[in-house]
file start.pdb (PDB, C-alpha atoms)
ATOM      1  CA  MET A  17     -94.690 -83.641  47.164
ATOM      2  CA  ARG A  18     -91.583 -81.516  46.807
ATOM      3  CA  THR A  19     -89.396 -84.594  46.109
ATOM      4  CA  LYS A  20     -91.707 -85.695  43.357
ATOM      5  CA  LEU A  21     -91.587 -82.241  41.702
ATOM      6  CA  CYS A  22     -87.785 -82.150  41.926
ATOM      7  CA  LEU A  23     -87.575 -85.633  40.359
ATOM      8  CA  VAL A  24     -89.782 -84.516  37.461
ATOM      9  CA  ASN A  25     -87.585 -81.429  36.859
ATOM     10  CA  HIS A  26     -84.392 -83.533  36.831
ATOM     11  CA  LEU A  27     -86.000 -86.030  34.456
ATOM     12  CA  SER A  28     -87.041 -83.204  32.136
ATOM     13  CA  ILE A  29     -83.555 -81.701  32.156
ATOM     14  CA  TRP A  30     -81.936 -85.081  31.360
ATOM     15  CA  THR A  31     -84.431 -85.674  28.559
ATOM     16  CA  ILE A  32     -83.669 -82.274  27.037
ATOM     17  CA  LEU A  33     -79.909 -82.828  27.349
ATOM     18  CA  ALA A  34     -80.159 -86.273  25.757
ATOM     19  CA  PHE A  35     -82.207 -84.839  22.884
ATOM     20  CA  LEU A  36     -79.706 -82.009  22.319
ATOM     21  CA  GLY A  37     -76.854 -84.515  22.411
ATOM     22  CA  MET A  38     -78.485 -86.634  19.722
ATOM     23  CA  VAL A  39     -79.062 -83.561  17.552
ATOM     24  CA  CYS A  40     -75.397 -82.575  17.885
ATOM     25  CA  LEU A  41     -74.218 -86.087  17.012
ATOM     26  CA  THR A  42     -76.497 -86.203  13.998
ATOM     27  CA  GLU A  43     -75.226 -82.872  12.723
ATOM     28  CA  THR A  44     -71.549 -83.775  13.074
ATOM     29  CA  GLY A  45     -72.052 -87.310  11.727
ATOM     30  CA  CYS A  46     -73.404 -86.048   8.391
ATOM     31  CA  SER A  47     -70.503 -83.795   7.553
ATOM     32  CA  THR A  48     -68.719 -84.335   4.236
ATOM     33  CA  LYS A  49     -65.812 -86.720   4.345
ATOM     34  CA  THR A  50     -62.660 -86.412   2.343
ATOM     35  CA  PRO A  51     -61.757 -89.578   0.450
ATOM     36  CA  LYS A  52     -59.405 -91.933   2.310
ATOM     37  CA  TYR A  53     -57.373 -92.458  -0.876
ATOM     38  CA  PRO A  54     -57.629 -89.209  -2.863
ATOM     39  CA  GLU A  55     -55.532 -90.425  -5.839
ATOM     40  CA  ASP A  56     -57.712 -93.523  -6.294
ATOM     41  CA  HIS A  57     -60.855 -91.405  -5.933
ATOM     42  CA  ALA A  58     -59.593 -88.962  -8.558
ATOM     43  CA  ARG A  59     -58.873 -91.862 -10.937
ATOM     44  CA  PHE A  60     -62.338 -93.296 -10.305
ATOM     45  CA  GLN A  61     -63.836 -89.881 -11.154
ATOM     46  CA  ARG A  62     -61.804 -89.779 -14.405
ATOM     47  CA  VAL A  63     -63.176 -93.205 -15.363
ATOM     48  CA  VAL A  64     -66.750 -92.069 -14.705
ATOM     49  CA  GLN A  65     -66.123 -88.914 -16.748
ATOM     50  CA  ALA A  66     -64.679 -90.953 -19.654
ATOM     51  CA  ILE A  67     -67.803 -93.142 -19.680
ATOM     52  CA  LYS A  68     -70.051 -90.070 -19.675
ATOM     53  CA  THR A  69     -68.007 -88.528 -22.504
ATOM     54  CA  LEU A  70     -68.280 -91.742 -24.553
ATOM     55  CA  GLU A  71     -72.046 -91.816 -24.039
ATOM     56  CA  THR A  72     -72.424 -88.117 -24.898
ATOM     57  CA  ALA A  73     -70.253 -88.442 -28.010
ATOM     58  CA  TYR A  74     -72.419 -91.332 -29.209
ATOM     59  CA  LEU A  75     -75.674 -89.503 -28.447
ATOM     60  CA  ASN A  76     -74.470 -86.363 -30.232
ATOM     61  CA  GLN A  77     -73.062 -88.476 -33.067
ATOM     62  CA  ASP A  78     -69.678 -86.843 -32.471
ATOM     63  CA  ALA A  79     -67.206 -89.155 -34.256
ATOM     64  CA  PRO A  80     -64.020 -87.171 -33.409
ATOM     65  CA  THR A  81     -64.729 -87.197 -29.662
ATOM     66  CA  PHE A  82     -65.705 -90.871 -29.823
ATOM     67  CA  HIS A  83     -62.387 -91.603 -31.583
ATOM     68  CA  GLU A  84     -60.332 -89.700 -28.966
ATOM     69  CA  LEU A  85     -61.467 -92.126 -26.235
ATOM     70  CA  LEU A  86     -60.254 -95.284 -28.017
ATOM     71  CA  LEU A  87     -56.841 -96.940 -27.991
ATOM     72  CA  PRO A  88     -55.642 -97.740 -31.545
ATOM     73  CA  LEU A  89     -56.535-101.441 -31.502
ATOM     74  CA  GLU A  90     -58.177-103.523 -34.237
ATOM     75  CA  GLN A  91     -61.198-104.450 -32.103
ATOM     76  CA  LEU A  92     -61.813-100.772 -31.348
ATOM     77  CA  GLU A  93     -61.384 -99.765 -34.993
ATOM     78  CA  ILE A  94     -64.272-102.124 -35.771
ATOM     79  CA  LEU A  95     -66.284-100.631 -32.885
ATOM     80  CA  GLU A  96     -65.607 -97.125 -34.195
ATOM     81  CA  ALA A  97     -66.633 -98.100 -37.741
ATOM     82  CA  ASP A  98     -69.864 -99.625 -36.376
ATOM     83  CA  ALA A  99     -70.596 -96.445 -34.376
ATOM     84  CA  LYS A 100     -69.972 -94.290 -37.467
ATOM     85  CA  GLN A 101     -72.400 -96.503 -39.392
ATOM     86  CA  ASP A 102     -74.989 -95.823 -36.655
ATOM     87  CA  PHE A 103     -74.344 -92.081 -37.061
ATOM     88  CA  ALA A 104     -74.912 -92.334 -40.826
ATOM     89  CA  ILE A 105     -78.095 -94.417 -40.589
ATOM     90  CA  PHE A 106     -79.931 -93.016 -37.563
ATOM     91  CA  SER A 107     -81.123 -89.427 -37.381
ATOM     92  CA  SER A 108     -81.812 -89.702 -33.664
ATOM     93  CA  ILE A 109     -80.220 -91.811 -30.940
ATOM     94  CA  LEU A 110     -81.634 -91.931 -27.422
ATOM     95  CA  LEU A 111     -79.478 -93.930 -25.023
ATOM     96  CA  ASP A 112     -79.617 -94.401 -21.275
ATOM     97  CA  LEU A 113     -76.339 -95.941 -20.173
ATOM     98  CA  THR A 114     -76.139 -96.944 -16.492
ATOM     99  CA  LEU A 115     -72.866 -97.638 -14.742
ATOM    100  CA  ASP A 116     -73.439-100.668 -12.523
ATOM    101  CA  ARG A 117     -69.959-100.980 -11.025
ATOM    102  CA  ILE A 118     -66.286-100.315 -11.654
ATOM    103  CA  VAL A 119     -63.446-102.690 -10.844
ATOM    104  CA  ILE A 120     -59.930-101.230 -10.867
ATOM    105  CA  ASP A 121     -57.057-103.707 -10.749
ATOM    106  CA  GLY A 122     -53.787-101.924 -11.362
ATOM    107  CA  ASN A 123     -53.887-100.491 -14.870
ATOM    108  CA  ARG A 124     -56.925-102.584 -15.862
ATOM    109  CA  ILE A 125     -60.330-101.000 -15.367
ATOM    110  CA  SER A 126     -63.606-102.837 -15.961
ATOM    111  CA  ALA A 127     -66.804-100.793 -16.083
ATOM    112  CA  PHE A 128     -69.930-102.949 -15.993
ATOM    113  CA  ILE A 129     -72.833-101.215 -17.725
ATOM    114  CA  SER A 130     -76.478-101.767 -18.499
ATOM    115  CA  TRP A 131     -78.214 -99.770 -21.194
ATOM    116  CA  GLN A 132     -81.418 -99.216 -23.097
ATOM    117  CA  GLY A 133     -82.038 -97.032 -26.087
ATOM    118  CA  THR A 134     -84.091 -96.096 -29.101
ATOM    119  CA  TRP A 135     -82.640 -95.519 -32.559
ATOM    120  CA  LYS A 136     -84.713 -93.627 -35.161
ATOM    121  CA  ARG A 137     -83.986 -93.514 -38.868
ATOM    122  CA  SER A 138     -86.318 -90.542 -39.302
ATOM    123  CA  THR A 139     -88.052 -88.238 -36.859
ATOM    124  CA  SER A 140     -91.474 -89.496 -37.944
ATOM    125  CA  GLU A 141     -90.887 -93.158 -37.032
ATOM    126  CA  SER A 142     -91.150 -94.648 -33.563
ATOM    127  CA  GLY A 143     -87.701 -96.207 -33.847
ATOM    128  CA  ASP A 144     -86.100 -99.471 -32.821
ATOM    129  CA  SER A 145     -85.546-100.184 -29.143
ATOM    130  CA  ALA A 146     -82.922-102.416 -27.593
ATOM    131  CA  SER A 147     -81.258-103.031 -24.252
ATOM    132  CA  GLY A 148     -78.383-105.028 -22.879
ATOM    133  CA  HIS A 149     -75.434-105.430 -20.543
ATOM    134  CA  GLY A 150     -71.737-105.261 -21.247
ATOM    135  CA  VAL A 151     -68.311-104.366 -19.970
ATOM    136  CA  LEU A 152     -66.206-101.438 -21.118
ATOM    137  CA  LEU A 153     -62.513-102.199 -20.551
ATOM    138  CA  TRP A 154     -60.415 -99.112 -19.874
ATOM    139  CA  SER A 155     -56.788 -98.432 -19.043
ATOM    140  CA  GLY A 156     -54.772 -95.489 -17.837
ATOM    141  CA  ASN A 157     -54.132 -93.335 -14.815
ATOM    142  CA  GLN A 158     -54.287 -89.696 -15.835
ATOM    143  CA  VAL A 159     -55.728 -90.289 -19.309
ATOM    144  CA  ILE A 160     -58.401 -92.979 -19.397
ATOM    145  CA  LEU A 161     -58.848 -94.740 -22.773
ATOM    146  CA  LEU A 162     -61.061 -97.599 -23.908
ATOM    147  CA  ARG A 163     -58.978-100.744 -24.575
ATOM    148  CA  GLY A 164     -61.726-103.283 -25.201
ATOM    149  CA  ILE A 165     -65.334-104.376 -24.856
ATOM    150  CA  GLN A 166     -67.136-107.484 -23.680
ATOM    151  CA  GLY A 167     -70.746-108.529 -23.881
ATOM    152  CA  ASP A 168     -73.576-106.599 -25.440
ATOM    153  CA  ILE A 169     -72.885-102.897 -25.896
ATOM    154  CA  PRO A 170     -75.027-100.306 -27.713
ATOM    155  CA  PHE A 171     -72.411 -98.982 -30.166
ATOM    156  CA  GLY A 172     -72.923-100.500 -33.618
ATOM    157  CA  ILE A 173     -76.557-101.370 -32.971
ATOM    158  CA  ASN A 174     -77.475-101.213 -36.673
ATOM    159  CA  SER A 175     -75.826-104.536 -37.483
ATOM    160  CA  ARG A 176     -77.729-106.230 -34.648
ATOM    161  CA  LEU A 177     -81.069-104.634 -35.549
ATOM    162  CA  LYS A 178     -80.706-105.868 -39.147
ATOM    163  CA  GLY A 179     -80.097-109.412 -37.899
ATOM    164  CA  SER A 180     -83.160-109.392 -35.647
ATOM    165  CA  SER A 181     -85.663-108.158 -38.244
TER     166      SER A 181
END

call {"tool": "encode", "arguments": {"input": "start.pdb", "output": "structure tokens"}}
result
Amino acid sequence: MRTKLCLVNHLSIWTILAFLGMVCLTETGCSTKTPKYPEDHARFQRVVQAIKTLETAYLNQDAPTFHELLLPLEQLEILEADAKQDFAIFSSILLDLTLDRIVIDGNRISAFISWQGTWKRSTSESGDSASGHGVLLWSGNQVILLRGIQGDIPFGINSRLKGSS
């Protein structure tokens, strides 16, 4: 009888020790990690911030901030003019821009986005809704600027809404 009792005590002790070991491993395994490549991580964060700033500038109809994010290229001058036309026509812009992925290849940065939004000409109307997918092409290391666009993007939606009605 005594051997059986001793075996139960040892089994209980090993069970408790195993449980405590798993708790300790879980606690240390969930600690915050520093990025393996801090410079690349910092650049990635600057890209994400530039995208958020572009979205916020468009939502707030802030033409100067929108302009500051663009390289002086003809394609982007057209994009800026289209965005300014949106600011003049719509009293309210609601836009949900989602960053799907970012690809960084040297100085070329491609941000794949999906979006949906509602544009209202007056506060009393329900507004026009649209959605799409596109790519925002960025460049830079310390200062991230938009260098191009591909696909369907929300800026300049007025010209597309006119064509669909």

call {"tool": "resolve_selection", "arguments": {"input": "start.pdb", "expression": "the PyMOL selection byres ((chain A and resi 177) around 12)", "output": "list of chain:residue names"}}
result
A:Asp102, A:Ile105, A:Phe106, A:Thr134, A:Trp135, A:Lys136, A:Arg137, A:Gly143, A:Asp144, A:Ser145, A:Ala146, A:Ser147, A:Pro170, A:Phe171, A:Gly172, A:Ile173, A:Asn174, A:Ser175, A:Arg176, A:Lys178, A:Gly179, A:Ser180, A:Ser181

call {"tool": "atom_distance", "arguments": {"input": "start.pdb", "atom1": "atom CA of A:Leu162", "atom2": "atom CA of A:Leu85"}}
result
6.0 Å

call {"tool": "closest_residue", "arguments": {"input": "start.pdb", "among": "A:Glu84, A:Phe128, A:Gln77, A:Ser138", "to": "A:Leu152", "atoms": "all atoms listed in the file"}}
result
A:Phe128

call {"tool": "closest_residue", "arguments": {"input": "start.pdb", "among": "A:Gly148, A:Gly164, A:Pro51, A:Gly133", "to": "A:Asp112", "atoms": "all atoms listed in the file"}}
result
A:Gly133

call {"tool": "resolve_selection", "arguments": {"input": "start.pdb", "expression": "the PyMOL selection byres ((chain A and resi 91-94) around 12)", "output": "list in words"}}
result
Phe82, His83, Glu84, Leu85, Leu86, Leu87, Pro88, Leu89, Glu90, Leu95, Glu96, Ala97, Asp98, Ala99, Lys100, Gln101, Leu152, Leu153, Trp154, Leu161, Leu162, Arg163, Gly164, Ile165, Gln166, Phe171, Gly172 and Ser175 of chain A

call {"tool": "atom_distance", "arguments": {"input": "start.pdb", "atom1": "atom CA of A:Gly150", "atom2": "atom CA of A:Arg117"}}
result
11.2 Å

call {"tool": "resolve_selection", "arguments": {"input": "start.pdb", "expression": "the PyMOL selection byres ((chain A and resi 76) around 12)", "output": "number ranges by chain"}}
result
A: 69-75, 77-82, 99-100, 102-103, 106-111

call {"tool": "closest_residue", "arguments": {"input": "start.pdb", "among": "A:Ile160, A:Gln132, A:Glu141, A:Gly167", "to": "A:Ile67", "atoms": "only C-alpha atoms"}}
result
A:Ile160

call {"tool": "atom_distance", "arguments": {"input": "start.pdb", "atom1": "atom CA of A:Ile129", "atom2": "atom CA of A:Thr50"}}
result
26.9 Å

call {"tool": "axis_aligned_box", "arguments": {"input": "start.pdb", "around": "stretch 85-90 of chain A", "padding_each_side": "4 Å", "output": "AutoDock Vina command-line options"}}
result
--center_x -58.6 --center_y -97.8 --center_z -30.2 --size_x 13.8 --size_y 19.4 --size_z 16.0

call {"tool": "residues_around", "arguments": {"input": "start.pdb", "residues": "A:Val159", "least_positions_apart": "6", "cutoff": "10 Å", "atoms": "only C-alpha atoms", "output": "list in words"}}
result
Arg59, Arg62, Val63, Ala66 and Leu85 of chain A
